[in-house]
>>> print(open('query-v1.txt').read())   # compact mmCIF, C-alpha atoms and all ligand atoms
# COMPACT_ATOMS: atom_id res chain seq x y z
CA MET A 1170 -9.56 -4.62 11.69
CA ASN A 1171 -9.99 -6.46 8.43
CA ASP A 1172 -12.29 -5.03 5.85
CA MET A 1173 -14.14 -7.36 3.48
CA THR A 1174 -11.37 -7.40 0.88
CA ASP A 1175 -8.91 -8.81 3.42
CA ILE A 1176 -10.85 -12.01 3.92
CA GLU A 1177 -8.98 -14.97 2.49
CA ILE A 1178 -11.46 -16.98 0.49
CA LEU A 1179 -8.87 -19.58 -0.48
CA LYS A 1180 -5.70 -20.41 1.37
CA ILE A 1181 -3.44 -23.13 0.06
CA ASP A 1182 -1.15 -23.64 3.02
CA THR A 1183 2.21 -25.37 2.43
CA VAL A 1184 0.58 -28.04 0.31
CA SER A 1185 2.38 -31.04 -1.15
CA ARG A 1186 1.08 -33.55 -3.65
CA HIS A 1187 2.84 -36.39 -5.40
CA TYR A 1188 1.77 -39.23 -7.61
CA GLY A 1189 3.36 -42.67 -7.61
CA GLU A 1190 6.09 -44.02 -5.38
CA GLY A 1191 9.76 -44.96 -5.63
CA GLU A 1192 11.32 -44.52 -9.06
CA THR A 1193 8.05 -43.44 -10.64
CA ARG A 1194 7.30 -40.86 -7.95
CA LEU A 1195 6.33 -37.45 -9.35
CA ASP A 1196 6.36 -34.50 -6.94
CA ILE A 1197 3.78 -32.19 -8.47
CA LEU A 1198 3.42 -29.66 -5.62
CA LYS A 1199 6.09 -29.13 -2.96
CA ASP A 1200 5.28 -27.22 0.25
CA THR A 1201 3.64 -24.47 -1.73
CA SER A 1202 1.16 -21.76 -0.73
CA LEU A 1203 -1.34 -19.38 -2.30
CA SER A 1204 -3.86 -16.98 -0.84
CA MET A 1205 -6.79 -15.39 -2.60
CA ARG A 1206 -8.99 -12.61 -1.30
CA LYS A 1207 -12.61 -11.85 -1.99
CA GLY A 1208 -13.14 -10.40 -5.45
CA GLU A 1209 -9.69 -11.38 -6.69
CA MET A 1210 -9.18 -12.85 -10.15
CA VAL A 1211 -5.97 -14.83 -10.42
CA GLY A 1212 -4.63 -16.33 -13.64
CA LEU A 1213 -2.78 -19.66 -13.44
CA VAL A 1214 -0.53 -19.84 -16.47
CA ALA A 1215 1.86 -22.77 -16.70
CA PRO A 1216 2.83 -25.40 -19.27
CA SER A 1217 0.87 -28.65 -19.58
CA GLY A 1218 1.81 -31.29 -17.06
CA THR A 1219 3.05 -28.87 -14.39
CA GLY A 1220 0.09 -29.44 -12.05
CA LYS A 1221 -2.57 -26.82 -12.81
CA SER A 1222 -5.44 -29.29 -12.70
CA THR A 1223 -3.97 -30.93 -9.59
CA LEU A 1224 -3.85 -27.55 -7.86
CA LEU A 1225 -7.46 -26.78 -8.84
CA HIS A 1226 -8.62 -30.20 -7.63
CA LEU A 1227 -6.93 -29.63 -4.27
CA ALA A 1228 -8.37 -26.11 -4.00
CA GLY A 1229 -11.80 -27.49 -4.86
CA LEU A 1230 -11.58 -30.24 -2.21
CA LEU A 1231 -11.84 -32.90 -4.91
CA GLU A 1232 -8.49 -34.32 -3.80
CA ARG A 1233 -6.62 -34.24 -0.52
CA PRO A 1234 -3.03 -33.00 -0.29
CA ASP A 1235 -0.29 -35.33 1.01
CA GLY A 1236 0.87 -32.50 3.26
CA GLY A 1237 -0.37 -29.07 4.25
CA ASP A 1238 -3.92 -27.80 4.33
CA VAL A 1239 -6.55 -26.05 2.23
CA LEU A 1240 -8.69 -23.39 3.92
CA ILE A 1241 -11.94 -22.17 2.39
CA ASN A 1242 -13.15 -18.87 3.85
CA GLY A 1243 -11.06 -19.56 6.94
CA THR A 1244 -12.25 -23.12 7.46
CA SER A 1245 -9.45 -25.68 7.60
CA CYS A 1246 -10.60 -28.54 5.39
CA GLY A 1247 -7.70 -30.93 5.97
CA ARG A 1248 -9.24 -32.81 8.86
CA LEU A 1249 -12.84 -32.63 7.72
CA GLY A 1250 -14.60 -35.79 6.64
CA ASP A 1251 -15.83 -36.35 3.11
CA GLY A 1252 -19.39 -35.26 3.98
CA ASP A 1253 -18.31 -31.87 5.28
CA ARG A 1254 -15.93 -31.38 2.37
CA THR A 1255 -18.72 -32.16 -0.09
CA ALA A 1256 -21.02 -29.68 1.66
CA ILE A 1257 -18.40 -26.90 1.44
CA ARG A 1258 -17.72 -27.79 -2.19
CA ARG A 1259 -21.41 -27.63 -3.09
CA MET A 1260 -22.12 -24.35 -1.29
CA GLU A 1261 -18.91 -22.38 -1.61
CA ILE A 1262 -17.12 -23.55 -4.76
CA GLY A 1263 -18.04 -23.46 -8.43
CA PHE A 1264 -16.15 -25.29 -11.18
CA VAL A 1265 -15.80 -24.62 -14.88
CA TYR A 1266 -13.89 -27.07 -17.05
CA GLN A 1267 -12.52 -26.95 -20.58
CA PHE A 1268 -15.42 -29.10 -21.74
CA HIS A 1269 -18.79 -27.96 -20.49
CA HIS A 1270 -19.99 -31.24 -18.87
CA LEU A 1271 -23.60 -30.09 -19.12
CA LEU A 1272 -26.25 -32.78 -18.82
CA PRO A 1273 -27.26 -33.45 -22.44
CA GLU A 1274 -30.87 -34.42 -21.81
CA PHE A 1275 -31.71 -31.20 -19.95
CA SER A 1276 -32.20 -27.64 -21.20
CA ALA A 1277 -29.76 -24.83 -20.46
CA LEU A 1278 -32.17 -23.51 -17.84
CA GLU A 1279 -32.54 -26.92 -16.16
CA ASN A 1280 -28.77 -27.40 -16.10
CA VAL A 1281 -28.41 -24.13 -14.18
CA MET A 1282 -31.36 -24.98 -11.90
CA MET A 1283 -29.93 -28.38 -10.94
CA PRO A 1284 -27.36 -27.33 -8.30
CA GLN A 1285 -29.94 -25.05 -6.70
CA MET A 1286 -32.54 -27.81 -6.51
CA ILE A 1287 -29.91 -30.09 -4.95
CA ALA A 1288 -29.18 -27.31 -2.44
CA GLY A 1289 -32.86 -27.28 -1.48
CA LEU A 1290 -34.25 -24.23 -3.27
CA SER A 1291 -37.80 -24.40 -4.56
CA ARG A 1292 -38.35 -24.92 -8.27
CA ALA A 1293 -39.69 -21.37 -8.61
CA GLU A 1294 -36.64 -19.86 -6.89
CA ALA A 1295 -34.29 -21.96 -9.03
CA VAL A 1296 -36.07 -20.91 -12.24
CA GLU A 1297 -35.82 -17.26 -11.27
CA ARG A 1298 -32.13 -17.34 -10.37
CA ALA A 1299 -31.23 -19.51 -13.40
CA SER A 1300 -33.11 -17.16 -15.74
CA GLN A 1301 -31.37 -14.12 -14.27
CA LEU A 1302 -27.96 -15.73 -14.70
CA LEU A 1303 -28.63 -16.78 -18.29
CA ASP A 1304 -29.90 -13.27 -19.07
CA TYR A 1305 -26.84 -11.77 -17.43
CA LEU A 1306 -24.61 -13.98 -19.58
CA ARG A 1307 -26.73 -12.99 -22.59
CA ILE A 1308 -28.03 -16.43 -23.36
CA GLY A 1309 -31.51 -16.01 -21.91
CA HIS A 1310 -32.96 -16.54 -25.36
CA ARG A 1311 -31.36 -20.01 -25.45
CA ALA A 1312 -32.69 -21.13 -22.07
CA GLU A 1313 -34.97 -23.85 -23.42
CA HIS A 1314 -32.32 -25.37 -25.69
CA ARG A 1315 -30.35 -28.49 -24.91
CA PRO A 1316 -26.52 -28.31 -24.89
CA ALA A 1317 -26.24 -30.02 -28.30
CA GLU A 1318 -28.27 -27.18 -29.83
CA LEU A 1319 -25.88 -24.53 -28.51
CA SER A 1320 -22.55 -23.26 -29.86
CA GLY A 1321 -19.34 -23.90 -27.95
CA GLY A 1322 -19.33 -20.37 -26.56
CA GLU A 1323 -22.96 -20.65 -25.50
CA GLN A 1324 -22.31 -24.01 -23.84
CA GLN A 1325 -19.45 -22.51 -21.82
CA ARG A 1326 -21.61 -19.59 -20.73
CA VAL A 1327 -24.25 -22.04 -19.51
CA ALA A 1328 -21.50 -23.94 -17.67
CA ILE A 1329 -20.38 -20.67 -16.05
CA ALA A 1330 -23.96 -19.89 -15.02
CA ARG A 1331 -24.25 -23.37 -13.51
CA ALA A 1332 -20.95 -22.95 -11.64
CA VAL A 1333 -22.17 -19.79 -9.90
CA ALA A 1334 -25.80 -20.90 -9.48
CA ASN A 1335 -25.43 -21.36 -5.73
CA ALA A 1336 -23.54 -18.06 -5.33
CA PRO A 1337 -20.22 -19.66 -4.34
CA LEU A 1338 -17.36 -17.72 -2.78
CA LEU A 1339 -14.77 -19.30 -5.04
CA LEU A 1340 -14.78 -20.07 -8.74
CA LEU A 1341 -12.21 -22.54 -10.08
CA ALA A 1342 -11.85 -22.68 -13.85
CA ASP A 1343 -9.61 -25.15 -15.67
CA GLU A 1344 -8.83 -23.74 -19.12
CA PRO A 1345 -12.44 -22.53 -19.52
CA THR A 1346 -11.81 -21.04 -22.95
CA GLY A 1347 -9.27 -23.65 -24.08
CA ASN A 1348 -11.72 -25.28 -26.43
CA LEU A 1349 -12.92 -22.08 -28.11
CA ASP A 1350 -11.70 -20.01 -31.05
CA PRO A 1351 -9.97 -16.74 -30.04
CA VAL A 1352 -12.95 -14.47 -30.72
CA THR A 1353 -15.38 -16.70 -28.83
CA ALA A 1354 -12.82 -17.11 -26.04
CA HIS A 1355 -12.79 -13.33 -25.57
CA TYR A 1356 -16.55 -13.15 -25.57
CA VAL A 1357 -16.85 -15.90 -22.97
CA PHE A 1358 -14.09 -14.39 -20.85
CA ASP A 1359 -15.83 -10.99 -20.96
CA ALA A 1360 -18.95 -12.66 -19.55
CA LEU A 1361 -16.95 -14.51 -16.90
CA GLU A 1362 -15.07 -11.37 -15.86
CA ALA A 1363 -18.25 -9.29 -15.62
CA LEU A 1364 -19.84 -11.95 -13.45
CA VAL A 1365 -16.80 -12.19 -11.15
CA ARG A 1366 -16.59 -8.39 -10.82
CA GLN A 1367 -20.30 -8.03 -10.17
CA SER A 1368 -20.56 -10.86 -7.62
CA GLY A 1369 -17.26 -10.28 -5.81
CA LEU A 1370 -16.30 -13.95 -5.84
CA ALA A 1371 -12.68 -15.02 -5.97
CA ALA A 1372 -11.68 -16.78 -9.19
CA LEU A 1373 -8.65 -18.94 -9.94
CA ILE A 1374 -8.48 -19.48 -13.67
CA ALA A 1375 -6.01 -21.76 -15.44
CA THR A 1376 -5.42 -20.57 -18.97
CA HIS A 1377 -2.88 -20.74 -21.79
CA ASN A 1378 -4.19 -17.45 -23.12
CA HIS A 1379 -1.73 -14.72 -22.08
CA GLU A 1380 -4.01 -11.94 -23.28
CA LEU A 1381 -6.77 -13.11 -20.95
CA ALA A 1382 -4.32 -13.69 -18.11
CA ALA A 1383 -3.11 -10.10 -18.49
CA ARG A 1384 -6.62 -8.87 -17.67
CA MET A 1385 -6.67 -10.59 -14.27
CA ASP A 1386 -5.57 -9.02 -10.99
CA ARG A 1387 -2.59 -11.32 -10.51
CA ARG A 1388 -0.87 -14.11 -12.37
CA VAL A 1389 0.84 -17.13 -10.92
CA THR A 1390 2.72 -19.99 -12.51
CA LEU A 1391 3.98 -23.38 -11.36
CA SER A 1392 7.70 -23.94 -11.33
CA GLU A 1393 9.33 -27.05 -9.88
CA GLY A 1394 6.31 -27.74 -7.73
CA ARG A 1395 5.98 -24.22 -6.39
CA ILE A 1396 3.36 -21.55 -7.01
CA VAL A 1397 5.19 -18.39 -8.06
CA GLU A 1398 3.85 -14.90 -8.76
CA VAL A 1399 4.71 -13.69 -12.25
P1 LIG B 1 -1.73 -29.72 -15.95
O1 LIG B 1 -3.18 -29.51 -15.61
O2 LIG B 1 -0.86 -28.54 -15.64
O3 LIG B 1 -1.55 -30.15 -17.36
P2 LIG B 1 -1.93 -32.00 -14.16
O4 LIG B 1 -2.22 -31.46 -12.80
O5 LIG B 1 -3.07 -32.58 -14.90
O6 LIG B 1 -1.17 -30.89 -15.02
O7 LIG B 1 -0.82 -33.11 -14.03
C1 LIG B 1 0.46 -32.87 -13.47
C2 LIG B 1 1.30 -34.11 -13.60
O8 LIG B 1 0.79 -35.12 -12.74
C3 LIG B 1 1.34 -34.71 -15.01
O9 LIG B 1 2.64 -35.19 -15.23
C4 LIG B 1 0.36 -35.84 -14.91
O10 LIG B 1 0.68 -36.85 -15.81
C5 LIG B 1 0.50 -36.29 -13.48
N1 LIG B 1 -0.76 -36.84 -12.93
C6 LIG B 1 -1.93 -36.19 -12.83
N2 LIG B 1 -2.87 -36.94 -12.26
C7 LIG B 1 -2.26 -38.14 -11.99
C8 LIG B 1 -2.68 -39.36 -11.37
N3 LIG B 1 -3.93 -39.51 -10.91
N4 LIG B 1 -1.78 -40.35 -11.27
C9 LIG B 1 -0.52 -40.19 -11.71
N5 LIG B 1 -0.04 -39.08 -12.28
C10 LIG B 1 -0.90 -38.06 -12.41
MG MG B 2 -4.87 -29.59 -16.75
>>> encode(input="query-v1.txt", output="structure tokens")
Amino acid sequence: MNDMTDIEILKIDTVSRHYGEGETRLDILKDTSLSMRKGEMVGLVAPSGTGKSTLLHLAGLLERPDGGDVLINGTSCGRLGDGDRTAIRRMEIGFVYQFHHLLPEFSALENVMMPQMIAGLSRAEAVERASQLLDYLRIGHRAEHRPAELSGGEQQRVAIARAVANAPLLLLADEPTGNLDPVTAHYVFDALEALVRQSGLAALIATHNHELAARMDRRVTLSEGRIVEV
């Protein structure tokens, strides 16, 4: 019998992805696989241009592989239509990017409320959950501020809060601290790690920061189109 920790939240199953055709064809991922269990934090450390963002887009159902399949919590997503894929993405997957992509005309609190309102929660429920998350990430006192009034580290913490607002199973982060100075990067990563550990979600985090990668449960890299444990 499987216990909870054996559940595969993400399964990349012999996935291939290429761009272009003929002489300009680039094989970014070649028949490669990766599994992540509940509560696992995996660092994706590989040079620029090797396919980290491509892998995260495939894992997040933003792109479709040319071959193979992506399973989210056991659900094969390969043959699902766009509507079902969008529903899974909204409910089960959170994204954090290098740049925060917060909506500039809304407050930090409203930015975190937005995905919950879209998911159908009441305004009161969304306010409560958003406030709790901002407090947890120690930016509760900045809740009423717009993104432009926040520091880079604060903006990223709001973006992290927004990514987990709907309590996803999987967090995908594409160089989330890549735009921050080293001290702020550590501070933001501390917040991210605490949140992942507390919520038990699985997190795949692309980073160039080896110190941060060393703190994760596992590290993988991309080599000649394959995902390899390091
Ligand atoms: P990384 O995130 O590791 O820097 P990417 O996944 O962004 O790498 O890109 C991997 C390779 O695929 C790069 O050589 C990039 O130029 C190429 N690439 C990415 N997206 C496209 C696209 N839509 N069309 C053509 N080539 C692309
Ligand atoms: Mg990238």
>>> residues_near_ligand(input="query-v1.txt", ligand="ligand LIG 1 (chain B)", cutoff="8 Å", atoms="only C-alpha atoms and all ligand atoms", output="ChimeraX atom specification")
/A:1187-1189,1195,1197,1215-1224,1343
>>> atom_distance(input="query-v1.txt", atom1="atom CA of A:His1310", atom2="atom CA of A:Val1281")
14.3 Å
>>> residues_near_point(input="query-v1.txt", point="(-30.7, -13.9, -20.7)", cutoff="12 Å", atoms="all atoms listed in the file", output="count of residues only")
24
>>> closest_residue(input="query-v1.txt", among="A:Gly1289, A:Gly1237, A:Gly1394, A:Gly1250", to="A:Lys1180", atoms="only C-alpha atoms")
A:Gly1237
>>> residues_around(input="query-v1.txt", residues="A:Gly1236", least_positions_apart="5", cutoff="10 Å", atoms="all atoms listed in the file", output="count of residues only")
11
>>> residues_around(input="query-v1.txt", residues="A:Asp1350", least_positions_apart="4", cutoff="12 Å", atoms="all atoms listed in the file", output="mmCIF file with C-alpha atoms, in the frame of the given file")
data_model
loop_
_atom_site.group_PDB
_atom_site.id
_atom_site.type_symbol
_atom_site.label_atom_id
_atom_site.label_comp_id
_atom_site.auth_asym_id
_atom_site.auth_seq_id
_atom_site.Cartn_x
_atom_site.Cartn_y
_atom_site.Cartn_z
ATOM 1 C CA SER A 1320 -22.550 -23.260 -29.860
ATOM 2 C CA GLY A 1321 -19.340 -23.900 -27.950
ATOM 3 C CA GLY A 1322 -19.330 -20.370 -26.560
ATOM 4 C CA PRO A 1345 -12.440 -22.530 -19.520
ATOM 5 C CA THR A 1346 -11.810 -21.040 -22.950
ATOM 6 C CA ALA A 1354 -12.820 -17.110 -26.040
ATOM 7 C CA HIS A 1355 -12.790 -13.330 -25.570
ATOM 8 C CA TYR A 1356 -16.550 -13.150 -25.570
ATOM 9 C CA VAL A 1357 -16.850 -15.900 -22.970
ATOM 10 C CA PHE A 1358 -14.090 -14.390 -20.850
ATOM 11 C CA ASN A 1378 -4.190 -17.450 -23.120
#
>>> closest_residue(input="query-v1.txt", among="A:Leu1230, A:Val1214, A:Met1283, A:Leu1271", to="ligand MG 2 (chain B)", atoms="all atoms listed in the file")
A:Val1214
>>> atom_distance(input="query-v1.txt", atom1="atom CA of A:Leu1391", atom2="atom CA of A:Leu1339")
20.2 Å
>>> axis_aligned_box(input="query-v1.txt", around="stretch 1268-1280 of chain A", padding_each_side="5 Å", output="AutoDock Vina command-line options")
--center_x -24.0 --center_y -29.0 --center_z -19.3 --size_x 27.1 --size_y 20.9 --size_z 16.3
>>> residues_around(input="query-v1.txt", residues="A:Ser1245", least_positions_apart="4", cutoff="10 Å", atoms="only C-alpha atoms", output="ChimeraX atom specification")
/A:1180-1182,1238-1241,1249
>>> atom_distance(input="query-v1.txt", atom1="atom CA of A:Ser1368", atom2="atom CA of A:Leu1338")
9.0 Å
>>> closest_residue(input="query-v1.txt", among="A:Arg1331, A:Ala1317, A:Ser1204, A:Asp1253", to="A:Glu1279", atoms="only C-alpha atoms")
A:Arg1331
>>> residues_around(input="query-v1.txt", residues="A:Met1205", least_positions_apart="3", cutoff="6 Å", atoms="all atoms listed in the file", output="NGL selection string")
:A and (1177-1179)
>>> closest_residue(input="query-v1.txt", among="A:Ala1372, A:Ala1383, A:Ala1342, A:Ile1287", to="ligand MG 2 (chain B)", atoms="only C-alpha atoms and all ligand atoms")
A:Ala1342
>>> closest_residue(input="query-v1.txt", among="A:Glu1344, A:Glu1274, A:Asp1251, A:Asp1196", to="A:Asp1235", atoms="only C-alpha atoms")
A:Asp1196
>>> residues_near_point(input="query-v1.txt", point="(-11.2, -27.8, -6.2)", cutoff="6 Å", atoms="all atoms listed in the file", output="JSON, numbers by chain")
{"A": [1225, 1226, 1227, 1228, 1229, 1230, 1231]}
>>> decode(input="query-v1.txt", residues="stretch 1333-1345 of chain A", atoms="all heavy atoms", output="mmCIF file, in the first residue's frame")
data_model
loop_
_atom_site.group_PDB
_atom_site.id
_atom_site.type_symbol
_atom_site.label_atom_id
_atom_site.label_comp_id
_atom_site.auth_asym_id
_atom_site.auth_seq_id
_atom_site.Cartn_x
_atom_site.Cartn_y
_atom_site.Cartn_z
ATOM 1 N N VAL A 1333 0.353 30.070 -4.655
ATOM 2 C CA VAL A 1333 -0.184 28.996 -3.808
ATOM 3 C C VAL A 1333 -1.575 29.332 -3.268
ATOM 4 O O VAL A 1333 -2.096 28.628 -2.416
ATOM 5 C CB VAL A 1333 0.777 28.642 -2.644
ATOM 6 C CG1 VAL A 1333 2.114 28.171 -3.189
ATOM 7 C CG2 VAL A 1333 0.953 29.798 -1.681
ATOM 8 N N ALA A 1334 -2.164 30.406 -3.787
ATOM 9 C CA ALA A 1334 -3.446 30.891 -3.248
ATOM 10 C C ALA A 1334 -4.530 29.823 -3.305
ATOM 11 O O ALA A 1334 -5.342 29.704 -2.395
ATOM 12 C CB ALA A 1334 -3.890 32.146 -3.991
ATOM 13 N N ASN A 1335 -4.539 29.032 -4.359
ATOM 14 C CA ASN A 1335 -5.571 28.002 -4.497
ATOM 15 C C ASN A 1335 -5.098 26.647 -3.980
ATOM 16 O O ASN A 1335 -5.651 25.616 -4.377
ATOM 17 C CB ASN A 1335 -6.011 27.876 -5.958
ATOM 18 C CG ASN A 1335 -6.931 29.009 -6.374
ATOM 19 O OD1 ASN A 1335 -7.595 29.616 -5.530
ATOM 20 N ND2 ASN A 1335 -6.954 29.311 -7.663
ATOM 21 N N ALA A 1336 -4.084 26.667 -3.097
ATOM 22 C CA ALA A 1336 -3.557 25.429 -2.509
ATOM 23 C C ALA A 1336 -3.279 24.364 -3.572
ATOM 24 O O ALA A 1336 -3.860 23.276 -3.550
ATOM 25 C CB ALA A 1336 -4.517 24.894 -1.449
ATOM 26 N N PRO A 1337 -2.382 24.673 -4.517
ATOM 27 C CA PRO A 1337 -2.070 23.695 -5.568
ATOM 28 C C PRO A 1337 -1.297 22.504 -4.995
ATOM 29 O O PRO A 1337 -0.813 22.565 -3.865
ATOM 30 C CB PRO A 1337 -1.183 24.488 -6.525
ATOM 31 C CG PRO A 1337 -0.499 25.500 -5.656
ATOM 32 C CD PRO A 1337 -1.525 25.864 -4.609
ATOM 33 N N LEU A 1338 -1.189 21.456 -5.789
ATOM 34 C CA LEU A 1338 -0.372 20.307 -5.416
ATOM 35 C C LEU A 1338 1.072 20.498 -5.850
ATOM 36 O O LEU A 1338 1.981 19.910 -5.293
ATOM 37 C CB LEU A 1338 -0.904 19.051 -6.106
ATOM 38 C CG LEU A 1338 -2.284 18.572 -5.710
ATOM 39 C CD1 LEU A 1338 -2.764 17.514 -6.699
ATOM 40 C CD2 LEU A 1338 -2.251 18.021 -4.291
ATOM 41 N N LEU A 1339 1.233 21.298 -6.902
ATOM 42 C CA LEU A 1339 2.539 21.429 -7.543
ATOM 43 C C LEU A 1339 2.883 22.899 -7.734
ATOM 44 O O LEU A 1339 2.062 23.673 -8.230
ATOM 45 C CB LEU A 1339 2.479 20.728 -8.921
ATOM 46 C CG LEU A 1339 3.704 20.823 -9.823
ATOM 47 C CD1 LEU A 1339 4.896 20.096 -9.203
ATOM 48 C CD2 LEU A 1339 3.395 20.230 -11.203
ATOM 49 N N LEU A 1340 4.098 23.246 -7.318
ATOM 50 C CA LEU A 1340 4.590 24.605 -7.546
ATOM 51 C C LEU A 1340 5.742 24.534 -8.546
ATOM 52 O O LEU A 1340 6.679 23.754 -8.359
ATOM 53 C CB LEU A 1340 5.077 25.217 -6.227
ATOM 54 C CG LEU A 1340 5.565 26.665 -6.315
ATOM 55 C CD1 LEU A 1340 4.400 27.612 -6.566
ATOM 56 C CD2 LEU A 1340 6.282 27.068 -5.028
ATOM 57 N N LEU A 1341 5.655 25.323 -9.600
ATOM 58 C CA LEU A 1341 6.716 25.382 -10.608
ATOM 59 C C LEU A 1341 7.309 26.783 -10.569
ATOM 60 O O LEU A 1341 6.576 27.774 -10.707
ATOM 61 C CB LEU A 1341 6.128 25.093 -11.994
ATOM 62 C CG LEU A 1341 5.469 23.718 -12.137
ATOM 63 C CD1 LEU A 1341 4.711 23.626 -13.458
ATOM 64 C CD2 LEU A 1341 6.506 22.606 -12.028
ATOM 65 N N ALA A 1342 8.612 26.864 -10.341
ATOM 66 C CA ALA A 1342 9.239 28.177 -10.206
ATOM 67 C C ALA A 1342 10.414 28.274 -11.172
ATOM 68 O O ALA A 1342 11.297 27.418 -11.190
ATOM 69 C CB ALA A 1342 9.691 28.401 -8.764
ATOM 70 N N ASP A 1343 10.393 29.314 -12.000
ATOM 71 C CA ASP A 1343 11.411 29.486 -13.039
ATOM 72 C C ASP A 1343 12.358 30.612 -12.622
ATOM 73 O O ASP A 1343 12.052 31.781 -12.827
ATOM 74 C CB ASP A 1343 10.726 29.801 -14.376
ATOM 75 C CG ASP A 1343 11.638 29.544 -15.561
ATOM 76 O OD1 ASP A 1343 12.852 29.339 -15.352
ATOM 77 O OD2 ASP A 1343 11.133 29.551 -16.701
ATOM 78 N N GLU A 1344 13.464 30.233 -12.024
ATOM 79 C CA GLU A 1344 14.456 31.196 -11.518
ATOM 80 C C GLU A 1344 13.794 32.271 -10.646
ATOM 81 O O GLU A 1344 13.925 33.467 -10.908
ATOM 82 C CB GLU A 1344 15.225 31.807 -12.693
ATOM 83 C CG GLU A 1344 15.885 30.730 -13.559
ATOM 84 C CD GLU A 1344 16.790 31.308 -14.643
ATOM 85 O OE1 GLU A 1344 17.403 32.348 -14.406
ATOM 86 O OE2 GLU A 1344 16.876 30.690 -15.716
ATOM 87 N N PRO A 1345 13.092 31.838 -9.583
ATOM 88 C CA PRO A 1345 12.292 32.783 -8.788
ATOM 89 C C PRO A 1345 13.125 33.831 -8.050
ATOM 90 O O PRO A 1345 12.586 34.879 -7.698
ATOM 91 C CB PRO A 1345 11.559 31.879 -7.786
ATOM 92 C CG PRO A 1345 12.415 30.662 -7.667
ATOM 93 C CD PRO A 1345 13.008 30.473 -9.030
#
